[in-house]
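This is model-v5.txt (compact mmCIF, C-alpha atoms).
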# COMPACT_ATOMS: atom_id res chain seq x y z
CA MET P 21 83.14 124.32 97.99
CA THR P 22 86.18 125.07 95.90
CA ASP P 23 89.20 122.97 95.07
CA PRO P 24 92.71 124.40 95.41
CA ALA P 25 92.39 125.94 91.98
CA GLY P 26 89.60 128.05 93.32
CA LEU P 27 87.07 126.33 91.12
CA PRO P 28 83.67 125.08 92.05
CA LEU P 29 83.85 121.32 92.12
CA ASP P 30 81.03 119.57 93.85
CA ALA P 31 80.24 115.95 94.58
CA ASP P 32 78.52 115.44 91.20
CA ASP P 33 81.61 116.68 89.38
CA GLN P 34 83.79 114.43 91.46
CA VAL P 35 81.63 111.39 90.67
CA ILE P 36 81.83 112.17 86.97
CA LEU P 37 85.62 112.60 87.05
CA ASP P 38 86.06 109.42 89.06
CA ARG P 39 83.89 107.40 86.66
CA LEU P 40 85.69 108.98 83.72
CA ALA P 41 89.01 107.80 85.12
CA ALA P 42 87.57 104.33 85.69
CA VAL P 43 86.11 104.11 82.19
CA HIS P 44 89.39 105.14 80.58
CA ALA P 45 91.19 102.60 82.72
CA MET P 46 88.89 99.93 81.30
CA LEU P 47 88.92 101.04 77.66
CA ASP P 48 92.51 102.20 77.26
CA PRO P 49 94.60 100.70 80.03
CA PRO P 50 98.38 101.06 80.05
CA PRO P 51 100.18 97.88 78.98
CA ALA P 52 100.14 95.34 81.80
CA ASP P 53 103.94 95.36 82.02
CA LEU P 54 104.42 99.14 81.99
CA ASP P 55 104.92 99.48 85.75
CA ALA P 56 107.37 96.58 85.83
CA ARG P 57 109.23 97.93 82.83
CA VAL P 58 109.59 101.40 84.32
CA SER P 59 110.51 100.10 87.78
CA PHE P 60 113.22 97.92 86.28
CA ALA P 61 114.56 100.71 84.08
CA ILE P 62 114.90 103.28 86.87
CA ALA P 63 116.43 100.96 89.48
CA LEU P 64 119.90 102.31 88.73
CA ASP P 65 122.47 102.87 91.42
CA ASP P 66 123.79 106.05 89.85
CA LEU P 67 121.32 108.74 88.90
CA ASP P 68 123.46 110.58 86.42
CA ALA P 69 123.05 109.13 82.96
CA GLU P 70 122.21 110.34 79.51
CA VAL P 71 118.96 108.75 78.36
CA ALA P 72 119.00 107.21 74.90
CA ARG P 73 115.79 107.28 72.88
CA GLN P 74 114.58 104.14 71.22
CA HIS P 75 114.73 105.43 67.70
CA GLU P 76 113.33 102.70 65.55
CA GLU P 77 112.65 99.06 65.74
CA LEU P 78 112.93 97.10 62.55
CA ALA P 79 110.39 94.37 62.32
CA ALA P 80 111.47 90.85 62.98
CA GLY P 81 112.96 89.27 59.90
CA VAL P 82 113.02 85.56 59.44
CA GLY P 83 116.34 84.56 58.03
CA ALA P 84 117.18 81.67 55.77
CA ARG P 85 117.04 79.46 58.82
CA SER P 86 113.64 79.80 60.39
CA SER P 87 115.12 79.27 63.84
CA GLU P 88 117.03 82.52 63.56
CA ARG P 89 114.65 85.39 64.13
CA THR P 90 116.23 88.76 64.51
CA HIS P 91 115.19 92.26 65.22
CA THR P 92 117.11 95.46 65.41
CA ILE P 93 116.73 98.38 67.79
CA THR P 94 118.55 101.70 67.63
CA PHE P 95 119.02 103.87 70.70
CA ASP P 96 120.08 107.47 70.21
CA ALA P 97 121.66 109.62 72.85
CA ASP P 98 123.34 112.98 72.31
CA SER P 99 126.80 111.61 72.79
CA ARG P 100 126.45 108.18 71.22
CA ALA P 101 124.14 105.78 69.44
CA VAL P 102 123.78 102.13 70.34
CA MET P 103 122.40 99.72 67.77
CA ILE P 104 121.59 96.16 68.65
CA THR P 105 120.41 93.12 66.80
CA ILE P 106 118.67 90.49 68.86
CA VAL P 107 119.18 87.05 67.39
CA GLY P 108 116.98 84.20 68.56
CA ARG P 109 118.62 80.84 69.23
CA PRO P 110 117.01 77.41 68.92
CA ASP P 111 117.33 76.92 72.68
CA SER P 112 115.07 79.93 73.40
CA LEU P 113 117.94 82.09 74.58
CA VAL P 114 119.07 85.03 72.48
CA ARG P 115 122.29 86.64 71.40
CA ILE P 116 122.58 90.42 71.37
CA ASP P 117 125.02 91.82 68.83
CA GLY P 118 125.62 95.52 69.14
CA TRP P 119 127.76 98.38 68.13
CA LEU P 120 128.46 101.86 69.31
CA ALA P 121 128.67 104.95 67.16
CA PRO P 122 130.94 106.76 67.31
CA ALA P 123 132.98 103.60 67.77
CA ALA P 124 134.92 103.29 70.99
CA ALA P 125 136.20 100.44 73.13
CA LEU P 126 133.89 101.23 76.03
CA ARG P 127 132.47 99.00 78.71
CA VAL P 128 128.93 97.96 77.89
CA GLU P 129 126.74 96.62 80.68
CA LEU P 130 123.68 94.46 80.11
CA ARG P 131 121.27 94.81 83.04
CA LEU P 132 118.77 92.01 83.54
CA PRO P 133 115.97 91.76 86.11
CA GLU P 134 116.86 90.03 89.35
CA PRO P 135 117.83 87.39 90.18
CA ALA P 136 119.97 87.52 87.03
CA VAL P 137 123.13 89.57 87.44
CA SER P 138 124.44 92.24 85.13
CA ARG P 139 126.98 91.26 82.51
CA THR P 140 129.68 93.52 81.20
CA GLU P 141 131.60 93.32 77.95
CA THR P 142 134.11 95.68 76.47
CA ALA P 143 133.41 96.77 72.92
CA ASP P 144 136.21 96.29 70.39
CA PRO P 145 137.86 99.37 68.85
CA ALA P 146 135.24 99.25 66.08
CA GLY P 147 132.57 99.61 68.79
CA ARG P 148 131.25 96.07 68.44
CA PHE P 149 130.10 94.01 71.38
CA SER P 150 128.07 90.88 71.93
CA PHE P 151 126.17 89.13 74.72
CA ASP P 152 125.29 85.50 74.12
CA GLY P 153 122.89 83.22 75.96
CA VAL P 154 120.62 86.00 77.16
CA PRO P 155 117.22 84.87 78.49
CA HIS P 156 114.02 86.30 77.05
CA GLY P 157 112.57 89.13 79.05
CA LEU P 158 113.47 92.70 79.99
CA ALA P 159 116.95 94.05 79.48
CA GLN P 160 118.70 97.41 79.55
CA LEU P 161 122.07 98.58 78.28
CA LEU P 162 124.45 100.99 79.94
CA VAL P 163 127.47 102.33 78.14
CA HIS P 164 130.18 103.41 80.53
CA PRO P 165 132.14 106.40 79.37
CA PRO P 166 135.81 107.07 79.35
CA GLU P 167 136.90 109.03 82.37
CA GLY P 168 134.89 112.13 83.01
CA GLY P 169 132.12 111.31 80.55
CA VAL P 170 128.52 110.61 81.35
CA ARG P 171 126.98 107.15 81.09
CA VAL P 172 124.44 106.40 78.42
CA VAL P 173 121.45 104.39 79.53
CA THR P 174 118.83 102.84 77.26
CA PRO P 175 115.21 102.31 78.16
CA ALA P 176 114.28 98.79 79.19
CA PHE P 177 113.52 96.69 76.13
CA THR P 178 112.25 93.19 75.59
CA VAL P 179 114.50 90.52 74.16
CA MET B 30 111.58 124.36 85.48
CA ALA B 31 109.69 126.48 87.92
CA VAL B 32 109.11 125.12 91.35
CA VAL B 33 105.44 124.99 92.03
CA THR B 34 104.28 125.50 95.55
CA LEU B 35 100.87 124.21 96.29
CA GLY B 36 98.36 125.20 98.88
CA SER B 37 97.47 123.05 101.80
CA GLU B 38 95.57 119.90 101.18
CA ARG B 39 91.86 119.86 101.36
CA ALA B 40 89.86 117.24 103.16
CA GLY B 41 86.63 115.85 101.84
CA THR B 42 86.14 114.83 98.23
CA GLY B 43 89.25 113.51 96.61
CA GLN B 44 90.65 112.38 99.94
CA ALA B 45 92.04 109.19 98.37
CA ARG B 46 93.75 111.28 95.72
CA GLY B 47 95.17 113.46 98.46
CA ASP B 48 96.66 110.44 100.17
CA ARG B 49 98.21 109.45 96.89
CA ALA B 50 99.85 112.83 96.54
CA ASP B 51 101.30 112.50 100.04
CA ARG B 52 102.75 109.09 99.24
CA VAL B 53 104.29 110.47 96.07
CA ALA B 54 105.88 113.29 98.05
CA ALA B 55 107.24 110.90 100.68
CA CYS B 56 108.73 108.52 98.11
CA LEU B 57 110.39 111.32 96.24
CA GLU B 58 111.93 112.59 99.45
CA ARG B 59 113.41 109.15 100.10
CA ALA B 60 114.68 108.85 96.53
CA ARG B 61 116.39 112.21 96.78
CA THR B 62 118.21 111.14 99.89
CA GLY B 63 119.69 108.16 98.10
CA GLU B 64 117.03 105.49 98.34
CA THR B 65 116.33 105.28 94.61
CA ALA B 66 114.25 102.11 94.95
CA ALA B 67 111.60 104.27 96.65
CA LEU B 68 110.75 105.70 93.25
CA SER B 69 109.42 102.39 92.03
CA GLU B 70 106.75 102.63 94.72
CA ILE B 71 105.24 105.67 93.04
CA VAL B 72 105.48 104.31 89.51
CA PRO B 73 102.09 102.56 89.73
CA GLU B 74 100.64 105.75 91.26
CA LEU B 75 101.63 107.98 88.38
CA ASN B 76 101.81 105.74 85.32
CA PRO B 77 98.08 105.91 84.51
CA LEU B 78 98.23 109.72 84.44
CA LEU B 79 101.36 109.75 82.28
CA TRP B 80 99.93 107.08 80.00
CA HIS B 81 96.81 109.14 79.33
CA VAL B 82 98.86 112.29 78.79
CA ALA B 83 100.89 110.48 76.11
CA ARG B 84 97.85 108.85 74.52
CA ALA B 85 95.97 112.15 74.50
CA GLU B 86 98.86 113.61 72.47
CA GLY B 87 98.07 111.13 69.72
CA LEU B 88 100.66 108.42 70.28
CA THR B 89 100.19 104.73 69.59
CA ALA B 90 100.18 102.42 72.58
CA GLU B 91 103.75 101.36 71.89
CA GLU B 92 104.98 104.93 71.50
CA ALA B 93 103.14 106.00 74.63
CA ALA B 94 104.75 103.23 76.69
CA ASP B 95 108.22 104.27 75.44
CA VAL B 96 107.56 107.91 76.21
CA VAL B 97 106.40 107.18 79.75
CA GLN B 98 109.52 105.15 80.40
CA THR B 99 111.81 107.82 78.95
CA SER B 100 110.22 110.45 81.17
CA TRP B 101 110.93 108.41 84.30
CA LEU B 102 114.52 107.88 83.22
CA GLU B 103 114.94 111.61 82.62
CA LEU B 104 113.51 112.25 86.07
CA LEU B 105 116.45 110.42 87.65
CA ARG B 106 118.87 113.03 86.39
CA ARG B 107 116.70 115.91 87.55
CA LEU B 108 115.81 114.50 90.94
CA HIS B 109 117.96 116.99 92.77
CA ASP B 110 116.63 119.96 90.83
CA ILE B 111 113.05 119.31 91.78
CA ARG B 112 112.90 121.02 95.10
CA SER B 113 109.25 120.61 95.91
CA PRO B 114 108.33 116.94 96.25
CA ARG B 115 104.87 117.69 94.93
CA ALA B 116 106.35 119.18 91.78
CA VAL B 117 107.43 115.74 90.63
CA THR B 118 104.02 114.97 89.17
CA ALA B 119 104.00 118.20 87.21
CA TRP B 120 107.56 117.60 86.09
CA LEU B 121 106.70 114.14 84.80
CA VAL B 122 103.58 115.40 83.03
CA THR B 123 105.63 118.12 81.32
CA ALA B 124 108.38 115.67 80.33
CA THR B 125 105.85 113.17 79.01
CA ARG B 126 104.11 115.81 76.95
CA ARG B 127 107.31 117.17 75.44
CA GLU B 128 108.57 113.71 74.68
CA ALA B 129 105.22 112.82 73.13
CA TRP B 130 105.39 115.86 70.84
CA ARG B 131 108.90 114.89 69.79
CA VAL B 132 107.88 111.31 69.00
CA ARG B 133 104.75 112.41 67.20
CA GLU B 134 106.69 114.82 64.99
CA LEU B 135 109.23 112.13 64.21
CA SER B 136 106.64 109.55 63.24
CA ARG B 137 104.75 112.08 61.11
CA ARG B 138 107.89 112.95 59.24
CA GLN B 139 108.46 109.29 58.56
CA VAL B 140 105.05 108.88 56.95
CA PRO B 141 105.20 110.37 53.46
CA ASP B 142 101.69 109.29 52.52
CA GLY B 143 99.09 111.98 53.23
CA THR B 144 96.34 109.55 54.11
CA ALA B 145 98.47 107.67 56.56
CA GLN B 146 99.43 111.01 58.07
CA LEU B 147 95.82 111.80 58.77
CA ASP B 148 95.36 108.43 60.39
CA ALA B 149 98.41 108.96 62.53
CA ALA B 150 97.12 112.32 63.64
CA ALA B 151 93.75 110.99 64.69
CA ASP B 152 93.00 110.84 68.37
CA PRO B 153 93.95 107.29 69.28
CA GLY B 154 91.78 107.47 72.41
CA PRO B 155 90.03 104.41 73.62
CA ALA B 156 88.36 102.37 70.93
CA PRO B 157 84.65 102.96 70.71
CA GLY B 158 84.26 100.06 73.05
CA GLU B 159 81.04 100.92 74.74
CA GLN B 160 80.05 97.27 74.77
CA LEU B 161 83.17 96.55 76.84
CA LEU B 162 81.69 98.54 79.68
CA GLY B 163 79.57 96.35 81.88
CA GLU B 164 77.80 99.06 83.85
CA GLU B 165 75.01 100.82 82.02
CA ARG B 166 75.94 104.02 83.80
CA ASP B 167 79.45 103.83 82.35
CA GLN B 168 78.03 103.23 78.90
CA VAL B 169 75.89 106.33 79.26
CA LEU B 170 78.88 108.34 80.47
CA TRP B 171 81.04 107.12 77.62
CA ARG B 172 78.38 107.89 75.02
CA HIS B 173 78.02 111.48 76.20
CA PHE B 174 81.76 111.92 76.67
CA GLN B 175 82.22 111.05 73.00
CA GLN B 176 79.92 113.95 72.08
CA LEU B 177 82.33 116.49 73.57
CA PRO B 178 84.76 118.47 71.42
CA GLU B 179 88.19 116.90 71.18
CA ARG B 180 89.80 119.54 73.38
CA CYS B 181 87.33 118.77 76.13
CA ARG B 182 87.88 115.04 75.83
CA THR B 183 91.65 115.47 76.05
CA LEU B 184 91.42 117.78 79.02
CA LEU B 185 88.90 115.77 81.03
CA ARG B 186 90.68 112.52 80.28
CA ILE B 187 93.82 113.88 81.90
CA VAL B 188 92.20 115.91 84.65
CA ALA B 189 90.28 112.81 85.76
CA GLN B 190 93.61 111.15 86.54
CA VAL B 191 95.04 113.99 88.57
CA ALA B 192 95.24 113.92 92.34
CA ARG B 193 93.50 117.00 93.66
CA PRO B 194 96.52 118.49 95.46
CA ASP B 195 98.50 118.15 92.23
CA TYR B 196 95.86 119.89 90.24
CA ALA B 197 97.36 123.37 90.06
CA ALA B 198 100.81 122.05 89.19
CA VAL B 199 99.51 119.69 86.52
CA ALA B 200 97.34 122.41 85.03
CA GLU B 201 100.41 124.54 84.64
CA ALA B 202 102.36 121.62 83.19
CA LEU B 203 99.64 121.14 80.62
CA GLY B 204 100.16 124.69 79.51
CA MET B 205 96.79 125.62 80.92
CA PRO B 206 97.48 127.63 84.03
CA ILE B 207 94.68 127.93 86.51
CA GLY B 208 93.22 130.98 84.83
CA SER B 209 92.50 129.11 81.65
CA ILE B 210 92.25 125.43 82.56
CA GLY B 211 89.69 126.30 85.20
CA PRO B 212 87.00 127.77 82.99
CA THR B 213 87.80 125.28 80.20
CA ARG B 214 87.61 122.36 82.56
CA GLY B 215 84.56 123.95 84.06
CA ARG B 216 82.87 124.38 80.70
CA CYS B 217 83.78 120.88 79.54
CA LEU B 218 82.69 119.31 82.77
CA ALA B 219 79.55 121.43 82.92
CA LYS B 220 78.63 120.34 79.42
CA LEU B 221 79.13 116.69 80.22
CA ARG B 222 77.35 117.03 83.50
CA ALA B 223 74.33 118.68 81.91
CA MET B 224 74.07 115.87 79.36
CA LEU B 225 74.40 113.23 82.05
CA LEU B 226 71.90 114.75 84.43
CA ALA B 227 69.37 114.87 81.59
CA ASP B 228 69.90 111.20 80.88
CA PRO B 229 67.82 108.81 83.02
CA GLY B 230 70.48 106.15 82.40
CA TRP B 231 72.92 108.18 84.51
CA SER B 232 70.66 109.73 87.09
CA ALA B 233 68.77 106.57 87.92
Take the structure I supplied and represent it as structure tokens, if you would.
Amino acid sequence: MTDPAGLPLDADDQVILDRLAAVHAMLDPPPADLDARVSFAIALDDLDAEVARQHEELAAGVGARSSERTHTITFDADSRAVMITIVGRPDSLVRIDGWLAPAAALRVELRLPEPAVSRTETADPAGRFSFDGVPHGLAQLLVHPPEGGVRVVTPAFTV
Amino acid sequence: MAVVTLGSERAGTGQARGDRADRVAACLERARTGETAALSEIVPELNPLLWHVARAEGLTAEEAADVVQTSWLELLRRLHDIRSPRAVTAWLVTATRREAWRVRELSRRQVPDGTAQLDAAADPGPAPGEQLLGEERDQVLWRHFQQLPERCRTLLRIVAQVARPDYAAVAEALGMPIGSIGPTRGRCLAKLRAMLLADPGWSA
């Protein structure tokens, strides 16, 4: 018996490969939320978008006030970078402060998992924008271009 | 990227994997005709494969998760270029591998310390967690698997995740077209198989 590659692959081989897959699934499973994260990230209504890479994540710093934990994430796309700082609030919501580089007064959309609805802010001419009162969980940013440009979409990240 | 046309599906062993490949093809077809939510149905089907591709390239768990997600997002843009529904698996494997290389190079450049660099380059594979495996047979398998050369471990780890009808396309995506992945896979698998069959803990 040969598989489509024209290779001999008998029942013993198949058992070994199947157990190998099972053992790897037990010893090195993907993160439990990976499927949910990906499914959320790709549920976009418009397929054409430039994908920004999560470039670095600066470890959470505890400010002078212990209630204010922050961390910073940079997303790089070819056309633009988006940097955000996630600031924890005492009420367990967060504020997201961000800026675009190069700076431009573009519409920035914050996608949240259903049933929450997307929020949109317009960055100021210096490229700064802010979303306050954001619940913990998955989020994704979309930067809408001036006419004719392509959207920038970030991966889903956890706030 | 080249469109890969695959031969007809084979019944028998790997039937479940074959069904999976059909579902992937059907979901992609729906996504291409505008029903983008259909893609999320195949995410759980393909994520384990992509995860192991990224981990086999030496990424940390966090980096691997990012790379898998990026590959899916990139797929959205290319959806209309991928003419064969079956080619989606190969496309994702290729994208995941390229992205993994990029991330690995970046993180190496950011580590100036030579020792840390060596650590970062080490195969992150599963921890030597034999005791985590309940079945004695799995423990035996794992022990022998660890004896294989790294190239064999990488290859078999990924190949084990591949649906049989996707095999040729994934082999090509891995840069090991049939001519070379076959004998390599064959040798790796033959080596492992010989060790296992000689071990009463497996054969029993």
Report as CSV the residues of chain P within 7 Å of chain B, each with its shortest atom pair and distance in Å (one decimal), using only C-alpha atoms, ordered by chain and increasing residue number.
residue,atom,partner,partner_atom,distance
P:Pro24,CA,B:Gly36,CA,6.7
P:Ala25,CA,B:Ala197,CA,5.9
P:Leu27,CA,B:Gly211,CA,6.5
P:Leu37,CA,B:Ala189,CA,4.8
P:Asp38,CA,B:Ala189,CA,6.3
P:Leu40,CA,B:Ala189,CA,6.3
P:Ala41,CA,B:Ala189,CA,5.2
P:Val43,CA,B:Asp167,CA,6.7
P:Leu47,CA,B:Pro155,CA,5.4
P:Asp48,CA,B:Pro155,CA,4.9
P:Pro50,CA,B:Trp80,CA,6.2
P:Leu54,CA,B:Ala94,CA,6.7
P:Asp55,CA,B:Pro73,CA,5.8
P:Val58,CA,B:Gln98,CA,5.4
P:Ser59,CA,B:Ser69,CA,4.9
P:Ile62,CA,B:Leu102,CA,5.9
P:Ala63,CA,B:Ala66,CA,6.0
P:Leu67,CA,B:Leu105,CA,5.3
P:Asp68,CA,B:Arg106,CA,5.2
P:Ala69,CA,B:Arg106,CA,6.7
P:Val71,CA,B:Glu103,CA,6.5
P:Pro175,CA,B:Thr99,CA,6.5
Using all atoms listed in the file, what residues lie at most 12 Å away from (111.2, 117.9, 91.4) (file coordinates), given as number ranges by chain?
B: 30-34, 53-54, 56-58, 60-61, 101, 103-124, 198
Computed gap from atom CA of Gly157 of chain P to atom CA of Asp65 of chain P is 21.0 Å
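Between Thr178 of chain P and the candidates P:Ala45, P:Leu120, P:Leu130, P:Ala159, the tightest atom-to-atom separation, counting only C-alpha atoms, involves P:Ala159.
Take atom CA of Asp32 of chain P and atom CA of Ala83 of chain B: the distance between them is 27.4 Å.
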Taken to one decimal, the atom CA of Val107 of chain P-atom CA of Ser150 of chain P distance is 10.7 Å
### Message
If we count only C-alpha atoms and set the cut-off at 9 Å, which residues sit around Pro155 of chain P, ignoring sequence neighbours fewer than 5 positions away in its own chain? Please answer as JSON, numbers by chain.
### Response
{"P": [112, 113, 114, 115, 132, 179]}
One residue among P:Asp30, P:Arg100, P:Asp66, P:Ile36 is nearest to Met224 of chain B when using all atoms listed in the file, and that residue is P:Ile36
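Closest approach to Leu203 of chain B among B:Ala227, B:Leu184, B:Arg172, B:Asp48 is made by B:Leu184 (distances from all atoms listed in the file).
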Find the residues with any atom within 7 Å of (124.9, 107.8, 80.9); use all atoms listed in the file and the coordinates as given in the file, and write the answer as a count of residues only. 11
Output segment 78-102 of chain B as a compact mmCIF listing (two decimals), in the frame of the given file, making sure N, CA and C atoms are there.
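Ended up saving to out_5.txt:
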# COMPACT_ATOMS: atom_id res chain seq x y z
N LEU B 78 98.30 108.32 84.86
CA LEU B 78 98.23 109.72 84.44
C LEU B 78 99.15 109.97 83.24
N LEU B 79 100.39 109.51 83.35
CA LEU B 79 101.36 109.75 82.28
C LEU B 79 100.95 109.05 80.99
N TRP B 80 100.41 107.85 81.16
CA TRP B 80 99.93 107.08 80.00
C TRP B 80 98.85 107.88 79.26
N HIS B 81 97.90 108.42 80.00
CA HIS B 81 96.81 109.14 79.33
C HIS B 81 97.29 110.46 78.75
N VAL B 82 98.28 111.08 79.38
CA VAL B 82 98.86 112.29 78.79
C VAL B 82 99.48 111.95 77.42
N ALA B 83 100.23 110.86 77.37
CA ALA B 83 100.89 110.48 76.11
C ALA B 83 99.87 110.06 75.05
N ARG B 84 98.87 109.30 75.47
CA ARG B 84 97.85 108.85 74.52
C ARG B 84 97.01 110.03 74.02
N ALA B 85 96.76 110.98 74.91
CA ALA B 85 95.97 112.15 74.50
C ALA B 85 96.73 113.01 73.50
N GLU B 86 98.06 112.86 73.46
CA GLU B 86 98.86 113.61 72.47
C GLU B 86 98.88 112.90 71.12
N GLY B 87 98.20 111.77 71.02
CA GLY B 87 98.07 111.13 69.72
C GLY B 87 99.05 110.01 69.45
N LEU B 88 99.68 109.49 70.49
CA LEU B 88 100.66 108.42 70.28
C LEU B 88 99.99 107.04 70.25
N THR B 89 100.64 106.11 69.55
CA THR B 89 100.19 104.73 69.59
C THR B 89 100.51 104.17 70.97
N ALA B 90 99.94 103.03 71.27
CA ALA B 90 100.18 102.42 72.58
C ALA B 90 101.67 102.16 72.80
N GLU B 91 102.33 101.67 71.76
CA GLU B 91 103.75 101.36 71.89
C GLU B 91 104.58 102.62 72.11
N GLU B 92 104.27 103.66 71.34
CA GLU B 92 104.98 104.93 71.50
C GLU B 92 104.72 105.51 72.88
N ALA B 93 103.49 105.43 73.33
CA ALA B 93 103.14 106.00 74.63
C ALA B 93 103.92 105.30 75.75
N ALA B 94 104.02 103.98 75.66
CA ALA B 94 104.75 103.23 76.69
C ALA B 94 106.22 103.64 76.70
N ASP B 95 106.82 103.83 75.52
CA ASP B 95 108.22 104.27 75.44
C ASP B 95 108.39 105.65 76.05
N VAL B 96 107.47 106.53 75.74
CA VAL B 96 107.56 107.91 76.21
C VAL B 96 107.45 107.97 77.74
N VAL B 97 106.55 107.20 78.30
CA VAL B 97 106.40 107.18 79.75
C VAL B 97 107.70 106.71 80.40
N GLN B 98 108.27 105.67 79.83
CA GLN B 98 109.52 105.15 80.40
C GLN B 98 110.65 106.17 80.29
N THR B 99 110.77 106.82 79.14
CA THR B 99 111.81 107.82 78.95
C THR B 99 111.67 108.95 79.96
N SER B 100 110.44 109.36 80.22
CA SER B 100 110.22 110.45 81.17
C SER B 100 110.71 110.08 82.57
N TRP B 101 110.45 108.86 82.98
CA TRP B 101 110.93 108.41 84.30
C TRP B 101 112.45 108.39 84.33
N LEU B 102 113.06 107.92 83.25
CA LEU B 102 114.52 107.88 83.22
C LEU B 102 115.11 109.29 83.28
